[in-house]
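Structure file coords00.txt; described as compact mmCIF, C-alpha atoms.
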# COMPACT_ATOMS: atom_id res chain seq x y z
CA MET F 1 21.91 51.43 -101.34
CA ALA F 2 18.32 52.09 -100.38
CA LYS F 3 16.56 49.40 -98.45
CA THR F 4 12.95 48.49 -99.20
CA ALA F 5 10.22 49.10 -96.66
CA PHE F 6 10.02 45.37 -96.08
CA GLN F 7 13.70 45.24 -95.15
CA GLU F 8 13.17 48.16 -92.75
CA PHE F 9 10.37 46.15 -91.16
CA THR F 10 12.28 42.88 -90.78
CA LYS F 11 15.44 44.43 -89.37
CA GLY F 12 13.53 45.32 -86.19
CA LEU F 13 12.52 41.70 -85.76
CA TRP F 14 15.97 40.16 -85.92
CA SER F 15 19.15 41.98 -86.90
CA GLU F 16 18.39 45.16 -84.92
CA VAL F 17 15.87 43.85 -82.36
CA PRO F 18 15.83 46.62 -79.69
CA PRO F 19 16.62 45.05 -76.30
CA TYR F 20 18.98 42.32 -77.51
CA ARG F 21 20.86 43.92 -80.42
CA LEU F 22 20.56 47.67 -79.90
CA VAL F 23 20.45 47.12 -76.11
CA LEU F 24 17.95 49.95 -75.75
CA GLY F 25 14.86 50.26 -73.59
CA LEU F 26 16.24 47.96 -70.91
CA CYS F 27 14.48 49.49 -67.92
CA PRO F 28 11.01 48.16 -68.83
CA THR F 29 12.64 45.03 -70.23
CA LEU F 30 13.80 44.19 -66.72
CA ALA F 31 10.86 45.49 -64.74
CA MET F 32 7.92 44.51 -66.93
CA THR F 33 8.75 40.87 -67.60
CA LYS F 34 7.63 39.34 -64.31
CA GLN F 35 4.44 38.19 -65.95
CA VAL F 36 3.60 37.52 -69.56
CA ASP F 37 0.62 39.87 -69.67
CA MET F 38 2.77 42.75 -68.39
CA GLY F 39 5.52 42.13 -70.95
CA PHE F 40 3.07 41.73 -73.81
CA GLY F 41 1.08 44.82 -72.78
CA MET F 42 4.23 46.90 -72.49
CA GLY F 43 5.36 45.74 -75.93
CA LEU F 44 2.06 46.68 -77.55
CA ALA F 45 2.01 50.07 -75.82
CA VAL F 46 5.52 50.80 -77.12
CA THR F 47 4.53 49.59 -80.60
CA PHE F 48 1.58 51.97 -80.71
CA VAL F 49 3.73 54.90 -79.57
CA LEU F 50 6.53 54.02 -82.01
CA VAL F 51 4.31 53.67 -85.08
CA GLY F 52 2.43 56.86 -84.25
CA SER F 53 5.43 59.01 -83.46
CA ASN F 54 7.51 57.62 -86.35
CA VAL F 55 4.85 58.41 -88.94
CA LEU F 56 4.05 61.84 -87.53
CA ILE F 57 7.69 62.90 -87.19
CA SER F 58 8.61 61.80 -90.69
CA LEU F 59 5.54 63.65 -92.03
CA LEU F 60 6.59 66.80 -90.20
CA ARG F 61 10.33 66.48 -90.74
CA LYS F 62 10.40 69.43 -93.17
CA VAL F 63 8.48 71.62 -90.69
CA ILE F 64 10.53 70.87 -87.58
CA PRO F 65 13.52 73.25 -87.34
CA LYS F 66 16.81 71.50 -86.65
CA ASN F 67 17.58 73.52 -83.49
CA VAL F 68 14.45 72.52 -81.61
CA ARG F 69 13.92 69.04 -83.06
CA ILE F 70 14.43 67.18 -79.77
CA ALA F 71 11.80 69.31 -78.01
CA CYS F 72 9.37 68.62 -80.85
CA PHE F 73 10.11 64.87 -80.78
CA ILE F 74 9.43 64.76 -77.06
CA VAL F 75 6.11 66.57 -77.46
CA VAL F 76 5.02 64.10 -80.16
CA VAL F 77 6.15 61.03 -78.22
CA ALA F 78 4.65 62.29 -74.95
CA THR F 79 1.32 62.93 -76.63
CA PHE F 80 1.11 59.36 -77.89
CA VAL F 81 2.19 58.00 -74.51
CA ILE F 82 -0.54 59.88 -72.67
CA VAL F 83 -3.09 58.69 -75.23
CA VAL F 84 -1.98 55.10 -74.54
CA GLU F 85 -2.14 55.69 -70.81
CA LEU F 86 -5.68 57.03 -70.96
CA LEU F 87 -6.83 54.22 -73.25
CA MET F 88 -5.30 51.56 -71.00
CA GLN F 89 -6.94 53.16 -68.00
CA ALA F 90 -10.28 53.08 -69.76
CA TYR F 91 -10.14 49.58 -71.25
CA THR F 92 -7.53 47.45 -69.42
CA TYR F 93 -7.62 48.87 -65.93
CA GLU F 94 -6.10 45.84 -64.18
CA LEU F 95 -3.09 45.85 -66.48
CA PHE F 96 -2.83 49.61 -66.03
CA LEU F 97 -2.62 49.15 -62.25
CA LYS F 98 0.10 46.51 -62.62
CA MET F 99 2.25 48.49 -65.04
CA GLY F 100 1.85 51.73 -63.14
CA ILE F 101 4.71 54.19 -63.58
CA PHE F 102 6.23 52.32 -66.52
CA ILE F 103 3.60 53.55 -68.97
CA PRO F 104 4.43 57.28 -68.59
CA LEU F 105 8.11 56.29 -68.56
CA ILE F 106 7.84 55.21 -72.23
CA VAL F 107 8.40 58.93 -72.94
CA VAL F 108 12.00 58.69 -71.75
CA ASN F 109 12.51 55.22 -73.19
CA CYS F 110 15.34 55.48 -75.70
CA ILE F 111 13.54 53.61 -78.45
CA PRO F 112 10.92 56.13 -79.69
CA LEU F 113 13.26 59.11 -79.29
CA GLY F 114 16.18 57.20 -80.77
CA ARG F 115 14.20 56.10 -83.83
CA ALA F 116 12.92 59.65 -84.33
CA GLU F 117 16.42 61.13 -84.24
CA ALA F 118 18.27 58.39 -86.10
CA PHE F 119 15.67 57.40 -88.66
CA CYS F 120 12.43 59.33 -89.15
CA TYR F 121 13.97 62.78 -89.27
CA LYS F 122 15.83 61.70 -92.42
CA LYS F 123 13.52 59.17 -94.10
CA GLY F 124 10.11 59.17 -95.71
CA VAL F 125 6.78 58.12 -94.25
CA LEU F 126 6.58 54.55 -95.56
CA PRO F 127 10.03 53.41 -94.35
CA SER F 128 9.39 55.17 -91.02
CA PHE F 129 6.11 53.34 -90.60
CA ALA F 130 7.78 50.01 -91.43
CA ASP F 131 10.63 50.80 -89.08
CA GLY F 132 8.29 51.67 -86.21
CA LEU F 133 6.15 48.57 -86.71
CA GLY F 134 9.18 46.28 -86.96
CA MET F 135 10.94 47.77 -83.95
CA GLY F 136 7.72 47.69 -81.92
CA LEU F 137 6.91 44.09 -82.75
CA GLY F 138 10.52 43.07 -82.17
CA TYR F 139 10.33 44.71 -78.76
CA THR F 140 7.02 43.00 -77.99
CA ILE F 141 8.38 39.58 -78.95
CA SER F 142 11.57 40.13 -76.95
CA LEU F 143 9.68 41.13 -73.83
CA THR F 144 7.18 38.32 -74.20
CA VAL F 145 9.91 35.70 -74.60
CA LEU F 146 11.74 36.98 -71.52
CA ALA F 147 8.48 37.15 -69.57
CA ILE F 148 7.55 33.59 -70.55
CA ILE F 149 10.90 32.30 -69.28
CA ARG F 150 10.63 34.26 -66.04
CA GLU F 151 6.98 33.56 -65.30
CA VAL F 152 7.03 29.86 -66.21
CA PHE F 153 10.15 29.00 -64.22
CA GLY F 154 9.86 31.61 -61.50
CA ASN F 155 6.19 31.26 -60.69
CA GLY F 156 4.99 28.11 -62.45
CA THR F 157 2.26 30.02 -64.29
CA PHE F 158 1.58 31.28 -67.81
CA PHE F 159 -0.66 34.32 -68.31
CA ASN F 160 -1.46 33.91 -64.60
CA GLN F 161 -2.79 30.38 -65.25
CA PRO F 162 -1.06 27.46 -63.51
CA ILE F 163 0.60 25.13 -66.01
CA SER F 164 0.84 21.39 -65.58
CA PHE F 165 3.52 20.11 -67.97
CA LEU F 166 6.27 20.73 -65.43
CA GLY F 167 4.75 18.05 -63.22
CA PRO F 168 3.39 18.17 -59.69
CA SER F 169 6.83 18.05 -58.06
CA PHE F 170 7.91 21.30 -59.74
CA GLN F 171 9.03 23.93 -57.27
CA PRO F 172 8.96 27.53 -58.59
CA PHE F 173 12.45 28.90 -59.04
CA SER F 174 11.50 32.20 -57.40
CA PHE F 175 14.90 33.79 -58.08
CA MET F 176 13.72 34.34 -61.66
CA ILE F 177 10.96 36.69 -60.50
CA THR F 178 13.31 38.94 -58.53
CA ALA F 179 15.19 41.87 -60.05
CA PRO F 180 18.60 40.12 -60.05
CA GLY F 181 16.91 37.19 -61.79
CA ALA F 182 15.82 39.61 -64.50
CA PHE F 183 19.44 40.67 -65.05
CA VAL F 184 20.70 37.09 -65.22
CA CYS F 185 17.91 36.12 -67.59
CA LEU F 186 18.54 39.12 -69.84
CA GLY F 187 22.27 38.36 -69.83
CA LEU F 188 21.65 34.79 -70.94
CA MET F 189 19.32 36.00 -73.69
CA LEU F 190 21.95 38.47 -74.93
CA CYS F 191 24.50 35.67 -74.90
CA ILE F 192 22.26 33.35 -76.92
CA MET F 193 21.47 36.13 -79.40
CA ASN F 194 25.17 36.87 -79.86
CA LEU F 195 25.95 33.18 -80.42
CA LEU F 196 23.17 32.90 -82.98
CA GLY F 197 24.25 36.08 -84.72
CA LYS F 198 27.88 35.01 -85.02
CA LYS F 199 29.05 34.71 -88.58
CA MET J 1 15.51 87.16 -85.77
CA ARG J 2 13.14 85.60 -88.30
CA GLU J 3 14.66 82.20 -87.64
CA MET J 4 14.19 82.70 -83.88
CA LEU J 5 10.53 83.53 -84.44
CA ARG J 6 10.07 80.40 -86.53
CA LEU J 7 11.41 78.24 -83.69
CA PHE J 8 8.99 79.85 -81.25
CA VAL J 9 6.02 79.42 -83.56
CA VAL J 10 6.76 75.76 -84.35
CA VAL J 11 7.26 74.66 -80.75
CA THR J 12 4.22 76.63 -79.57
CA LEU J 13 2.08 75.09 -82.29
CA PHE J 14 3.30 71.59 -81.39
CA GLY J 15 2.42 72.17 -77.76
CA ALA J 16 -0.98 73.63 -78.52
CA ILE J 17 -2.00 70.90 -80.95
CA SER J 18 -0.84 68.16 -78.60
CA GLY J 19 -2.74 69.79 -75.73
CA GLY J 20 -5.88 69.92 -77.83
CA ILE J 21 -5.62 66.25 -78.82
CA LEU J 22 -5.05 65.16 -75.23
CA ALA J 23 -8.00 67.20 -73.96
CA GLY J 24 -10.15 65.47 -76.57
CA VAL J 25 -8.97 61.97 -75.67
CA ARG J 26 -9.43 62.69 -71.99
CA ALA J 27 -12.96 63.95 -72.47
CA GLY J 28 -13.74 60.84 -74.51
CA THR J 29 -12.40 58.35 -71.97
CA GLN J 30 -13.24 60.12 -68.71
CA GLU J 31 -16.54 58.43 -68.06
CA ARG J 32 -15.15 54.96 -68.73
CA ILE J 33 -12.10 55.56 -66.56
CA GLU J 34 -14.35 56.67 -63.72
CA TYR J 35 -16.41 53.51 -64.11
CA GLN J 36 -13.26 51.34 -64.12
CA GLN J 37 -12.01 52.97 -60.95
CA ILE J 38 -15.34 52.39 -59.26
CA LYS J 39 -15.43 48.80 -60.48
CA PHE J 40 -11.94 47.79 -59.34
CA VAL J 41 -11.47 49.96 -56.25
CA LYS J 42 -14.87 50.37 -54.62
CA GLY J 43 -16.77 47.78 -56.64
CA PRO J 44 -15.91 44.61 -54.71
CA ALA J 45 -16.97 46.19 -51.40
CA ILE J 46 -20.18 47.61 -52.85
CA LEU J 47 -21.21 44.31 -54.43
CA GLN J 48 -20.44 42.42 -51.24
CA ILE J 49 -22.55 44.56 -48.92
CA MET J 50 -25.36 44.89 -51.47
CA LYS J 51 -25.60 41.13 -51.92
CA GLY J 52 -29.02 40.09 -53.17
CA CYS J 53 -29.92 43.21 -55.10
CA THR J 54 -31.40 42.69 -58.54
CA ASN J 55 -29.67 45.54 -60.41
CA ASP J 56 -26.09 46.60 -61.00
CA PRO J 57 -25.41 49.19 -58.30
CA LEU J 58 -22.19 50.25 -60.03
CA THR J 59 -24.08 51.70 -62.99
CA THR J 60 -27.15 52.92 -61.06
CA ARG J 61 -25.51 55.88 -59.45
CA PHE J 62 -25.87 59.62 -58.98
CA LYS J 63 -23.87 62.44 -57.45
CA ILE J 64 -24.85 65.05 -54.88
CA LYS J 65 -22.89 68.17 -54.04
CA ASP J 66 -21.98 68.33 -50.36
CA GLY J 67 -20.30 71.65 -49.69
CA LYS J 68 -17.16 71.64 -51.82
CA GLU J 69 -17.17 67.89 -52.34
CA GLU J 70 -19.22 65.78 -54.68
CA ARG J 71 -20.36 62.47 -53.25
CA ALA J 72 -21.31 59.43 -55.31
CA PHE J 73 -24.30 57.33 -54.29
CA PHE J 74 -24.94 53.81 -55.54
CA VAL J 75 -28.48 52.50 -55.59
CA GLY J 76 -29.46 48.91 -54.88
CA VAL J 77 -32.82 47.44 -55.88
CA PHE J 78 -34.21 44.93 -53.39
CA ASP J 79 -37.54 43.12 -53.92
CA GLY J 80 -38.26 45.32 -56.93
CA LYS J 81 -37.82 48.58 -55.05
CA PRO J 82 -34.79 50.87 -55.20
CA ASN J 83 -34.57 51.45 -51.47
CA THR J 84 -30.89 51.13 -50.59
CA VAL J 85 -28.04 53.57 -51.13
CA ALA J 86 -24.34 52.94 -50.65
CA PHE J 87 -21.80 55.70 -50.29
CA GLU J 88 -18.30 56.38 -49.06
CA ALA J 89 -17.16 57.86 -45.76
CA THR J 90 -13.81 57.98 -43.99
CA GLY J 91 -12.51 57.69 -40.45
CA LYS J 92 -9.09 58.15 -38.95
CA GLY J 93 -7.20 54.90 -38.49
CA TYR J 94 -3.72 53.91 -37.45
CA GLY J 95 -2.04 54.32 -40.85
CA GLY J 96 -4.12 57.21 -42.18
CA GLU J 97 -7.66 57.54 -43.42
CA ILE J 98 -9.80 54.40 -43.56
CA PRO J 99 -12.38 54.72 -46.34
CA ILE J 100 -15.49 52.61 -45.95
CA ILE J 101 -18.52 51.92 -48.10
CA ILE J 102 -21.74 51.86 -46.16
CA ALA J 103 -25.15 50.81 -47.43
CA VAL J 104 -28.29 52.18 -45.82
CA ASN J 105 -31.92 51.15 -46.23
CA MET J 106 -33.82 54.38 -46.97
CA ASP J 107 -37.13 53.05 -45.65
CA ASN J 108 -36.07 52.49 -42.05
CA ASP J 109 -32.62 54.14 -41.90
CA GLN J 110 -30.98 50.82 -41.01
CA ILE J 111 -27.46 49.88 -41.99
CA VAL J 112 -27.44 47.11 -44.59
CA GLY J 113 -23.70 46.57 -44.54
CA VAL J 114 -20.27 48.10 -44.04
CA GLY J 115 -17.17 47.31 -46.09
CA VAL J 116 -13.64 48.70 -45.85
CA THR J 117 -12.04 49.56 -49.21
CA THR J 118 -8.46 50.85 -49.55
CA HIS J 119 -6.74 51.26 -46.21
CA ARG J 120 -3.17 51.45 -44.98
CA GLU J 121 -3.57 49.62 -41.68
CA THR J 122 -0.99 47.13 -40.42
CA PRO J 123 -1.31 43.82 -42.29
CA GLY J 124 -2.55 41.05 -40.04
CA VAL J 125 -3.49 43.43 -37.22
CA GLY J 126 -5.42 46.55 -38.18
CA ALA J 127 -6.12 45.16 -41.63
CA ARG J 128 -8.47 42.66 -39.98
CA VAL J 129 -11.16 45.36 -39.95
CA GLN J 130 -11.40 44.63 -43.67
CA THR J 131 -11.05 40.86 -43.65
CA ASP J 132 -12.90 39.91 -40.45
CA PRO J 133 -16.62 39.88 -41.28
CA LYS J 134 -17.50 39.48 -37.58
CA PHE J 135 -16.35 43.02 -36.91
CA THR J 136 -18.21 44.86 -39.67
CA SER J 137 -21.35 42.75 -39.26
CA GLN J 138 -21.89 44.33 -35.84
CA PHE J 139 -23.23 47.41 -37.60
CA LYS J 140 -25.70 45.45 -39.68
CA GLY J 141 -29.36 46.16 -38.84
CA GLN J 142 -28.51 49.03 -36.50
CA SER J 143 -29.94 52.49 -37.05
CA ILE J 144 -27.50 54.77 -38.80
CA LYS J 145 -28.43 57.61 -36.45
CA GLU J 146 -26.88 55.86 -33.47
CA PRO J 147 -23.64 57.38 -32.07
CA PHE J 148 -21.48 54.26 -32.38
CA LYS J 149 -18.47 53.82 -30.10
CA VAL J 150 -16.15 50.94 -29.37
CA LYS J 151 -16.56 49.24 -25.97
CA GLY J 152 -13.38 50.78 -24.61
CA ASP J 153 -14.87 54.23 -25.20
CA GLY J 154 -18.17 53.35 -23.53
CA GLY J 155 -19.99 52.16 -26.64
CA LYS J 156 -21.17 48.73 -27.69
CA ILE J 157 -18.99 47.87 -30.69
CA ASP J 158 -16.56 45.04 -29.98
CA ALA J 159 -13.15 46.21 -31.16
CA ILE J 160 -10.77 43.68 -32.75
CA SER J 161 -8.26 42.81 -30.07
CA GLY J 162 -4.92 44.48 -30.72
CA ALA J 163 -6.46 46.75 -33.32
CA THR J 164 -8.41 49.25 -31.22
CA VAL J 165 -7.27 52.26 -33.23
CA SER J 166 -8.32 50.72 -36.54
CA SER J 167 -11.63 49.56 -35.06
CA ARG J 168 -12.21 53.05 -33.71
CA GLY J 169 -11.40 54.42 -37.16
CA VAL J 170 -14.06 52.29 -38.84
CA THR J 171 -16.57 53.14 -36.09
CA GLY J 172 -15.79 56.82 -36.59
CA ALA J 173 -16.30 56.41 -40.32
CA VAL J 174 -19.75 54.91 -39.67
CA VAL J 175 -20.62 57.84 -37.40
CA SER J 176 -19.47 60.36 -40.01
CA SER J 177 -21.47 58.53 -42.66
CA GLY J 178 -24.50 59.01 -40.37
CA GLU J 179 -23.81 62.75 -40.42
CA ILE J 180 -23.52 62.75 -44.21
CA TYR J 181 -26.75 60.77 -44.45
CA ASN J 182 -28.67 63.16 -42.19
CA ARG J 183 -27.34 66.16 -44.06
CA LEU J 184 -28.18 64.89 -47.53
CA LYS J 185 -31.19 62.66 -46.96
CA SER J 186 -33.70 65.01 -48.59
CA ASN J 187 -31.45 65.31 -51.68
CA ILE J 188 -31.04 61.53 -51.83
CA VAL J 189 -34.80 60.96 -51.64
CA GLU J 190 -35.26 63.52 -54.41
CA LYS J 191 -32.73 61.77 -56.69
CA MET J 192 -34.06 58.30 -55.89
CA LYS J 193 -37.45 59.21 -57.37
CA SER J 194 -35.94 59.39 -60.83
CA ILE J 195 -34.56 55.83 -60.62
CA LYS J 196 -36.75 53.14 -62.05
CA SER J 197 -36.82 49.75 -60.40
Write the structure described by the file as structure tokens, please.
Amino acid sequence: MAKTAFQEFTKGLWSEVPPYRLVLGLCPTLAMTKQVDMGFGMGLAVTFVLVGSNVLISLLRKVIPKNVRIACFIVVVATFVIVVELLMQAYTYELFLKMGIFIPLIVVNCIPLGRAEAFCYKKGVLPSFADGLGMGLGYTISLTVLAIIREVFGNGTFFNQPISFLGPSFQPFSFMITAPGAFVCLGLMLCIMNLLGKK
Amino acid sequence: MREMLRLFVVVTLFGAISGGILAGVRAGTQERIEYQQIKFVKGPAILQIMKGCTNDPLTTRFKIKDGKEERAFFVGVFDGKPNTVAFEATGKGYGGEIPIIIAVNMDNDQIVGVGVTTHRETPGVGARVQTDPKFTSQFKGQSIKEPFKVKGDGGKIDAISGATVSSRGVTGAVVSSGEIYNRLKSNIVEKMKSIKS
């Protein structure tokens, strides 16, 4: 049963959302969600890489020999990652400084390589594009949600702006900002997603 | 054998095309990246010591070759005349090199200001050479040709107490900037002529 492009797009947003359902790409999910701008930026960078590499790999899937496909995937993904890195350096330098090593590390993130191997090498351009866009946006939303929880409760700010609705007596729950806090937060999110997904 | 050759050709082509694309993107963004680095790393120090200038010193800049190195000079316009240049120099501190930005008035060779940029001195101790304006303001108005030394070494610069090595590092950086200035002054004057106020 062939799925439509629209279904390929929406699966990335809910039923196969990368960090919570596929449990892929967790390293930046933990490290880049201290602040909302970091999480959002990371998500968009991954989206750009995913859409680009998905489309290109599915276009070239007849040209790429089976034996060396992984090497070719990595070259394609790495090219897009370096393009993103240069663009971020040129236009969003402050964010680039904050995200640091995690931008080049998108190359070894399992999502772009996994999609290339599991999806684009077998499917056409349109479903691959839809898949990349859906997965990327799903990843962006996931990271942003996690970052909102961590930044609001852990630091009392939102997009680096202090927020007032928590009241003046609010004390930042700084555990949320630390690395163990990221694990606990991610675990709770996985738990909620599993409860919601229960049939 | 033919299959082998095909693998080689495909991977080589992938690498070559990707290299070409990246070289293109890099060439296209290089100038902007350089500007961003200047703006966020050296920019705050430059703007602080050039306070009161009527132009944007970060965009009014030129480069001069100094031996193997290329040095960037930032021009400040005061009272309608481009008469001040700021440039970078380094001295040896406690935690490594201390880079400073120093601004010099070309008309009378006086120091307009000194600012420390990215250093690795001990926070709260040596790092005060960056945050304590009393220390760096000692250089203000002095001639850049003077051989500055901290008081402990027989000079007249008051070192920050507990941070003699860092203070000596900044003083050394000012002295080495004097050497750079003397060496390149004629080139600087030449380049300044082309800058409109």
(message) Please identify all residues of chain J having at least one atom at most 10 Å from any atom of chain F, considering all atoms listed in the file, and return them as a PyMOL selection string.
(response) chain J and resi 3-4+6-8+10-15+17-19+21-26+28-37+39-40
(message) Could you check the closest approach to Thr140 (chain F) for each of F:Ala45, F:Leu56, F:Leu26, F:Leu186 and tell me which residue wins, using only C-alpha atoms?
(response) F:Ala45
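Excluding region 83-97 of chain J and any residue on its chain fewer than 2 positions from it, the residues at most 6 Å away by all atoms listed in the file are Phe73, Phe74, Val75, Gly76, Lys81, Pro99, Ile100, Ile101, Ile102, Ala103, Val104, Asn105, Met106, Arg120, Glu121, Val165, Ser166, Gly169, Val170, Gly172, Ala173 and Ser177 of chain J.
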Enclose region 23-38 of chain F, meaning all of its atoms listed in the file, in a box aligned along x, y and z, pad it by 8 Å on each side, and list the centre and edge lengths in Å to one decimal, as JSON.
{"center_x": 10.5, "center_y": 43.9, "center_z": -70.2, "size_x": 35.8, "size_y": 28.7, "size_z": 27.8}
(request) Measure the distance from CA of Ile103 (chain F) to CA of Pro123 (chain J) in Å and round it to one decimal. (result) 28.8 Å
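For the pair CA of Gly197 (chain F) and CA of Trp14 (chain F), the interatomic distance is 9.3 Å.
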(message) If we count all atoms listed in the file and set the cut-off at 8 Å, which residues sit around region 122-124 of chain F, ignoring sequence neighbours fewer than 5 positions away in its own chain? Please answer as number ranges by chain.
(response) F: 58-59, 61
(message) Between CA of Arg115 (chain F) and CA of Gly41 (chain F), what is the distance in Å, rounded to a tenth?
(response) 20.5 Å
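Omitting Ser143 (chain J) and its sequence neighbours fewer than 2 positions away, and counting all atoms listed in the file, the residues within 10 Å are Val104, Asn105, Asn108, Asp109, Gln110, Ile111, Val112, Phe139, Lys140, Gly141, Lys145, Glu146, Pro147, Phe148 and Gly178 of chain J.
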(message) Show me the residues close to (3.9, 28.2, -59.7) - anything with an atom within 12 Å, counting all atoms listed in the file - and format the list as an MDAnalysis selection string.
(response) chainID F and resid 35 150:174 176:177
Include C-alpha atoms and write out the residues we just selected as an mmCIF file, keeping the file's coordinate frame.
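Writing the result to again-v9.cif gives the following:
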data_model
loop_
_atom_site.group_PDB
_atom_site.id
_atom_site.type_symbol
_atom_site.label_atom_id
_atom_site.label_comp_id
_atom_site.auth_asym_id
_atom_site.auth_seq_id
_atom_site.Cartn_x
_atom_site.Cartn_y
_atom_site.Cartn_z
ATOM 1 C CA GLN F 35 4.440 38.190 -65.950
ATOM 2 C CA ARG F 150 10.630 34.260 -66.040
ATOM 3 C CA GLU F 151 6.980 33.560 -65.300
ATOM 4 C CA VAL F 152 7.030 29.860 -66.210
ATOM 5 C CA PHE F 153 10.150 29.000 -64.220
ATOM 6 C CA GLY F 154 9.860 31.610 -61.500
ATOM 7 C CA ASN F 155 6.190 31.260 -60.690
ATOM 8 C CA GLY F 156 4.990 28.110 -62.450
ATOM 9 C CA THR F 157 2.260 30.020 -64.290
ATOM 10 C CA PHE F 158 1.580 31.280 -67.810
ATOM 11 C CA PHE F 159 -0.660 34.320 -68.310
ATOM 12 C CA ASN F 160 -1.460 33.910 -64.600
ATOM 13 C CA GLN F 161 -2.790 30.380 -65.250
ATOM 14 C CA PRO F 162 -1.060 27.460 -63.510
ATOM 15 C CA ILE F 163 0.600 25.130 -66.010
ATOM 16 C CA SER F 164 0.840 21.390 -65.580
ATOM 17 C CA PHE F 165 3.520 20.110 -67.970
ATOM 18 C CA LEU F 166 6.270 20.730 -65.430
ATOM 19 C CA GLY F 167 4.750 18.050 -63.220
ATOM 20 C CA PRO F 168 3.390 18.170 -59.690
ATOM 21 C CA SER F 169 6.830 18.050 -58.060
ATOM 22 C CA PHE F 170 7.910 21.300 -59.740
ATOM 23 C CA GLN F 171 9.030 23.930 -57.270
ATOM 24 C CA PRO F 172 8.960 27.530 -58.590
ATOM 25 C CA PHE F 173 12.450 28.900 -59.040
ATOM 26 C CA SER F 174 11.500 32.200 -57.400
ATOM 27 C CA MET F 176 13.720 34.340 -61.660
ATOM 28 C CA ILE F 177 10.960 36.690 -60.500
#
(request) Counting only C-alpha atoms, note down every residue that has an atom within 8 Å of the point (4.7, 48.5, -84.7) (file coordinates), as a PyMOL selection string. (result) chain F and resi 44+46-48+50-51+129-137
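Proximity to region 66-71 of chain J at 9 Å, evaluated using all atoms listed in the file and with sequence-adjacent residues fewer than 3 positions away removed, yields Phe62, Lys63, Phe87, Glu88, Ile180, Arg183 and Leu184 of chain J.
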(message) Env of Leu143 (chain F): 7 Å cut, atoms = all atoms listed in the file, seq-sep filter 6 positions within chain, self excluded. Answer as a PyMOL selection string.
(response) chain F and resi 29+33+39-40+43
(request) Return the single residue from F:Met38, F:Lys198, F:Tyr139, F:Asn54 that is closest to Lys11 (chain F), with distances computed using all atoms listed in the file. (result) F:Tyr139
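Counting all atoms listed in the file, the residue from J:Pro133, J:Ser176, J:Val189, J:Lys42 that sits nearest to His119 (chain J) is J:Lys42.
Proximity of J:Ser194, J:Ser167, J:Thr60, J:Thr122 to Asp153 (chain J), computed with all atoms listed in the file, is greatest for J:Ser167.
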